[in-house]
>>> print(open('my_file-v3.csv').read())   # CSV, C-alpha atoms
chain,number,residue,atom,x,y,z
A,1,MET,CA,100.1,165.1,-78.9
A,2,LYS,CA,97.9,163.6,-76.1
A,3,LEU,CA,101.1,162.5,-74.3
A,4,ILE,CA,102.5,166.1,-74.5
A,5,LYS,CA,99.3,167.5,-73.1
A,6,LEU,CA,99.3,165.0,-70.2
A,7,ALA,CA,103.0,165.9,-69.4
A,8,ALA,CA,102.1,169.6,-69.6
A,9,ALA,CA,99.2,169.1,-67.2
A,10,ALA,CA,101.5,167.3,-64.8
A,11,LEU,CA,104.0,170.1,-64.9
A,12,ILE,CA,101.3,172.7,-64.1
A,13,THR,CA,100.1,170.6,-61.2
A,14,LEU,CA,103.6,170.0,-59.9
A,15,SER,CA,104.5,173.7,-60.1
A,16,SER,CA,101.4,174.6,-58.1
A,17,LEU,CA,102.1,172.0,-55.5
A,18,THR,CA,105.8,173.0,-55.1
A,19,ALA,CA,104.7,176.6,-54.4
A,20,GLN,CA,102.8,175.3,-51.3
A,21,ALA,CA,104.6,172.3,-49.9
A,22,ALA,CA,107.9,171.8,-51.7
A,23,TYR,CA,110.1,172.2,-48.6
A,24,LEU,CA,108.5,169.7,-46.3
A,25,ASP,CA,107.2,166.2,-46.7
A,26,ILE,CA,105.9,163.2,-44.7
A,27,THR,CA,107.3,159.7,-44.6
A,28,GLY,CA,105.4,156.7,-43.3
A,29,GLY,CA,102.2,156.9,-41.3
A,30,THR,CA,98.6,156.4,-42.3
A,31,THR,CA,96.0,158.8,-43.8
A,32,THR,CA,93.2,159.0,-41.2
A,33,ASN,CA,89.9,160.8,-41.3
A,34,ILE,CA,89.6,163.8,-38.9
A,35,SER,CA,86.6,163.4,-36.7
A,36,SER,CA,84.3,166.3,-35.9
A,37,SER,CA,82.1,164.5,-33.4
A,38,GLY,CA,82.1,161.9,-30.6
A,39,ALA,CA,84.9,160.9,-28.3
A,40,ASN,CA,87.5,161.5,-31.0
A,41,ASN,CA,86.4,165.1,-31.8
A,42,ASN,CA,89.2,167.4,-33.0
A,43,TYR,CA,88.4,170.8,-31.6
A,44,PHE,CA,90.7,172.8,-33.9
A,45,LYS,CA,88.5,174.1,-36.7
A,46,ALA,CA,88.3,176.9,-39.3
A,47,ASN,CA,85.1,178.7,-40.1
A,48,GLY,CA,83.2,176.2,-37.9
A,49,ALA,CA,84.4,173.2,-39.8
A,50,VAL,CA,87.2,170.7,-39.4
A,51,ILE,CA,90.2,172.2,-41.1
A,52,ALA,CA,90.7,169.2,-43.4
A,53,PRO,CA,89.0,165.9,-44.1
A,54,SER,CA,92.0,163.8,-43.2
A,55,PHE,CA,95.6,164.0,-41.9
A,56,ASN,CA,98.6,161.7,-41.6
A,57,VAL,CA,98.9,159.8,-38.3
A,58,GLY,CA,102.2,158.2,-37.3
A,59,GLY,CA,104.3,159.7,-40.1
A,60,ASP,CA,107.4,161.8,-39.7
A,61,LEU,CA,107.9,165.4,-41.0
A,62,VAL,CA,111.1,165.6,-43.2
A,63,SER,CA,113.0,168.1,-45.2
A,64,ASN,CA,112.5,167.9,-49.0
A,65,PHE,CA,115.8,169.5,-49.8
A,66,SER,CA,119.4,169.7,-48.6
A,67,GLY,CA,120.9,172.8,-47.0
A,68,THR,CA,120.2,175.3,-44.2
A,69,VAL,CA,116.6,176.2,-43.5
A,70,THR,CA,114.9,178.6,-41.0
A,71,LEU,CA,111.7,177.3,-39.6
A,72,LYS,CA,109.1,179.3,-37.5
A,73,PHE,CA,107.1,177.3,-35.0
A,74,THR,CA,103.8,178.8,-33.7
A,75,TYR,CA,101.8,177.5,-30.8
A,76,LEU,CA,98.1,177.2,-31.9
A,77,GLY,CA,96.6,175.9,-28.7
A,78,ALA,CA,95.7,172.7,-26.9
A,79,GLU,CA,92.7,170.7,-25.6
A,80,ALA,CA,94.0,168.4,-22.8
A,81,SER,CA,93.9,167.9,-19.1
A,82,TYR,CA,97.5,166.7,-19.1
A,83,GLU,CA,100.6,169.0,-19.0
A,84,ASN,CA,102.2,168.6,-22.4
A,85,LYS,CA,105.2,170.1,-24.1
A,86,PHE,CA,106.6,170.7,-27.6
A,87,ILE,CA,110.4,170.7,-27.7
A,88,THR,CA,113.1,171.7,-30.2
A,89,THR,CA,116.7,172.8,-29.7
A,90,ALA,CA,115.7,176.4,-30.3
A,91,GLY,CA,112.7,176.7,-28.0
A,92,SER,CA,109.6,175.0,-26.6
A,93,PHE,CA,105.8,175.4,-25.9
A,94,THR,CA,104.1,174.2,-22.7
A,95,HIS,CA,100.4,173.5,-22.1
A,96,ALA,CA,99.9,173.5,-18.3
A,97,PRO,CA,96.1,173.5,-17.5
A,98,GLY,CA,95.3,174.9,-14.1
A,99,LYS,CA,98.9,175.5,-13.0
A,100,GLY,CA,99.2,179.2,-13.6
A,101,TYR,CA,101.8,179.0,-16.3
A,102,GLY,CA,102.1,177.9,-19.9
A,103,THR,CA,102.8,179.2,-23.3
A,104,ALA,CA,100.4,181.9,-24.7
A,105,VAL,CA,98.5,180.9,-27.8
A,106,GLY,CA,100.2,182.6,-30.8
A,107,SER,CA,103.7,182.5,-29.3
A,108,SER,CA,106.4,181.5,-31.7
A,109,PHE,CA,110.2,180.9,-32.1
A,110,VAL,CA,112.6,180.3,-34.9
A,111,LEU,CA,114.9,177.4,-35.6
A,112,SER,CA,117.7,177.5,-38.1
A,113,ASP,CA,119.4,174.2,-38.9
A,114,SER,CA,121.0,172.2,-41.8
A,115,PHE,CA,119.2,169.2,-43.2
A,116,SER,CA,119.9,166.6,-45.8
A,117,LEU,CA,117.2,165.4,-48.2
A,118,GLY,CA,114.7,163.3,-46.3
A,119,GLU,CA,116.1,164.1,-42.9
A,120,ALA,CA,113.6,164.4,-40.0
A,121,ILE,CA,113.0,167.9,-38.6
A,122,GLY,CA,114.2,167.9,-35.0
A,123,PHE,CA,111.4,168.2,-32.6
A,124,SER,CA,109.5,166.1,-30.0
A,125,PHE,CA,106.2,166.1,-28.0
A,126,LYS,CA,106.3,165.2,-24.3
A,127,LYS,CA,103.5,164.2,-21.9
A,128,GLY,CA,104.4,165.9,-18.7
A,129,THR,CA,107.3,168.4,-18.4
A,130,SER,CA,109.6,166.2,-16.4
A,131,GLY,CA,109.9,162.4,-16.4
A,132,GLY,CA,107.0,162.1,-18.9
A,133,LEU,CA,106.7,159.9,-22.0
A,134,THR,CA,108.0,161.4,-25.3
A,135,VAL,CA,107.4,160.9,-29.0
A,136,ALA,CA,110.1,162.3,-31.3
A,137,ASN,CA,109.8,163.1,-34.9
A,138,GLY,CA,111.7,160.4,-36.8
A,139,ALA,CA,110.2,157.8,-34.4
A,140,ASN,CA,106.5,158.6,-34.5
A,141,ASN,CA,103.9,156.0,-33.5
A,142,GLU,CA,100.5,154.8,-34.8
A,143,GLY,CA,97.6,153.5,-32.6
A,144,ASP,CA,95.4,154.7,-29.8
A,145,THR,CA,97.5,153.4,-26.9
A,146,THR,CA,100.8,155.2,-27.7
A,147,LEU,CA,101.8,158.8,-27.9
A,148,SER,CA,101.7,160.0,-31.5
A,149,PHE,CA,101.3,163.1,-33.6
A,150,ALA,CA,99.4,163.8,-36.8
A,151,THR,CA,100.6,166.1,-39.6
A,152,LEU,CA,98.9,168.2,-42.3
A,153,LEU,CA,100.9,169.6,-45.2
A,154,ALA,CA,100.1,172.8,-47.1
A,155,GLY,CA,97.8,172.0,-49.9
A,156,SER,CA,95.7,169.8,-47.6
A,157,PHE,CA,94.0,172.7,-45.8
A,158,ASN,CA,92.9,176.3,-46.6
A,159,ALA,CA,93.4,179.8,-45.2
A,160,SER,CA,96.6,179.1,-43.4
A,161,PRO,CA,100.1,180.6,-43.5
A,162,PHE,CA,101.7,177.3,-42.4
A,163,ASP,CA,103.6,174.8,-44.5
A,164,ALA,CA,102.6,172.1,-42.0
A,165,ILE,CA,100.5,171.7,-38.9
A,166,LEU,CA,101.3,169.2,-36.1
A,167,PHE,CA,98.7,167.6,-33.9
A,168,PHE,CA,99.8,165.8,-30.7
A,169,ASP,CA,97.8,163.0,-29.1
A,170,ASP,CA,98.7,162.3,-25.4
A,171,THR,CA,96.2,159.3,-25.5
A,172,GLY,CA,94.4,160.8,-22.5
A,173,GLY,CA,94.9,157.6,-20.5
A,174,TYR,CA,92.1,156.0,-22.5
A,175,GLN,CA,92.4,153.5,-25.3
A,176,ASP,CA,89.8,155.2,-27.5
A,177,ASP,CA,91.2,158.8,-27.1
A,178,ASP,CA,92.7,159.3,-30.5
A,179,ASN,CA,91.7,162.9,-31.2
A,180,HIS,CA,95.1,164.5,-31.8
A,181,ASP,CA,94.2,168.0,-30.4
A,182,ASP,CA,96.2,167.9,-27.2
A,183,LEU,CA,98.9,170.3,-28.4
A,184,VAL,CA,98.8,171.9,-31.9
A,185,VAL,CA,101.8,173.6,-33.6
A,186,GLY,CA,102.1,175.4,-36.9
A,187,VAL,CA,105.3,175.2,-38.9
A,188,GLN,CA,106.4,177.8,-41.5
A,189,VAL,CA,109.5,177.7,-43.8
A,190,ILE,CA,110.7,181.3,-43.8
A,191,SER,CA,114.2,180.8,-45.3
A,192,VAL,CA,115.6,178.1,-47.6
A,193,PRO,CA,118.8,177.5,-49.6
A,194,GLU,CA,119.1,179.7,-52.7
A,195,SER,CA,119.4,176.5,-54.9
A,196,SER,CA,116.0,175.3,-53.6
A,197,THR,CA,114.4,178.7,-54.5
A,198,LEU,CA,115.9,178.5,-58.0
A,199,VAL,CA,114.5,175.1,-58.5
A,200,LEU,CA,111.0,176.3,-57.6
A,201,MET,CA,111.3,179.3,-60.0
A,202,MET,CA,112.4,176.9,-62.8
A,203,MET,CA,109.4,174.7,-62.0
A,204,GLY,CA,107.1,177.7,-62.2
A,205,LEU,CA,108.5,178.8,-65.5
A,206,LEU,CA,108.2,175.2,-66.9
A,207,GLY,CA,104.5,175.3,-65.8
A,208,LEU,CA,103.9,178.6,-67.6
A,209,PHE,CA,105.6,177.3,-70.7
A,210,ALA,CA,103.5,174.1,-70.6
A,211,ALA,CA,100.3,176.1,-70.3
A,212,ARG,CA,101.2,178.2,-73.4
A,213,ARG,CA,102.0,175.0,-75.4
A,214,MET,CA,98.6,173.6,-74.4
A,215,LYS,CA,96.8,176.7,-75.7
A,216,ALA,CA,98.8,176.7,-78.9
>>> encode(input="my_file-v3.csv", output="structure tokens")
Amino acid sequence: MKLIKLAAAALITLSSLTAQAAYLDITGGTTTNISSSGANNNYFKANGAVIAPSFNVGGDLVSNFSGTVTLKFTYLGAEASYENKFITTAGSFTHAPGKGYGTAVGSSFVLSDSFSLGEAIGFSFKKGTSGGLTVANGANNEGDTTLSFATLLAGSFNASPFDAILFFDDTGGYQDDDNHDDLVVGVQVISVPESSTLVLMMMGLLGLFAARRMKA
């Protein structure tokens, strides 16, 4: 009986998580505390506080299903003196301080593509719009002296419509600049294969069934 209750609790937990972050996952990287003070301050906050206690640095954002998916990317802002860029095959965002051009915060575009299970989502961050250094998803880096990005998945932060948030670190030219707020992008899954939706519905039903069994 105890084993049944544990299994039921696991199903309930799993069904609640799949409703938030079932379509995207992170491979590799290291969980790192998000700093709210000092040289590594991350300026992107919610309600005056850092949006989450930690994020994944150096990992890659991958699909958690097979099939065609539609993703919406939204530019959330940047805190950097360098000209940086976020690039996909469907569109891009540019942060160009003091140059009279650049993407407006809140701008978005949509990417539709086919992915296999565990395949990296196609995007990259670039320091400088031409001839600059680039870090691509699927080949992310860890460490203070290399370009890298950090990732938060839904379920790790509150009050957000996004399935994931990406934080770019252009290193700032300094070894200790590791604040990952130099270009921030939100990712939303707005369309998925019908088979994936069916799986989520089944998981939800299993969770409800398990809850009823636990009460009985």
>>> atom_distance(input="my_file-v3.csv", atom1="atom CA of A:Ala150", atom2="atom CA of A:Asn137")
10.6 Å
>>> residues_around(input="my_file-v3.csv", residues="A:Ala80", least_positions_apart="3", cutoff="10 Å", atoms="only C-alpha atoms", output="list in words")
Gly77, Glu83, Asn84, His95, Ala96, Pro97, Asp169, Asp170, Thr171, Gly172, His180, Asp181, Asp182 and Leu183 of chain A
>>> residues_near_point(input="my_file-v3.csv", point="(103.0, 175.4, -39.3)", cutoff="10 Å", atoms="only C-alpha atoms", output="list in words")
Leu71, Lys72, Phe73, Thr74, Tyr75, Leu76, Thr151, Leu152, Leu153, Ala154, Ser160, Pro161, Phe162, Asp163, Ala164, Ile165, Leu166, Val184, Val185, Gly186, Val187, Gln188 and Val189 of chain A
>>> residues_around(input="my_file-v3.csv", residues="A:Lys85", least_positions_apart="6", cutoff="10 Å", atoms="all atoms listed in the file", output="list of chain:residue names")
A:Ser92, A:Phe93, A:Thr94, A:His95, A:Ala96, A:Gly102, A:Thr103, A:Ser124, A:Phe125, A:Lys126, A:Lys127, A:Gly128, A:Thr129, A:Ser130, A:Gly132, A:Thr134, A:Phe168, A:Asp182, A:Leu183
>>> atom_distance(input="my_file-v3.csv", atom1="atom CA of A:Gly29", atom2="atom CA of A:Glu119")
15.7 Å
>>> closest_residue(input="my_file-v3.csv", among="A:Gly155, A:Leu133, A:Ile190, A:Asn64", to="A:Tyr82", atoms="all atoms listed in the file")
A:Leu133
>>> atom_distance(input="my_file-v3.csv", atom1="atom CA of A:Ser191", atom2="atom CA of A:Pro53")
29.3 Å
>>> closest_residue(input="my_file-v3.csv", among="A:Gly131, A:Phe149, A:Ala78, A:Thr70", to="A:Phe109", atoms="all atoms listed in the file")
A:Thr70
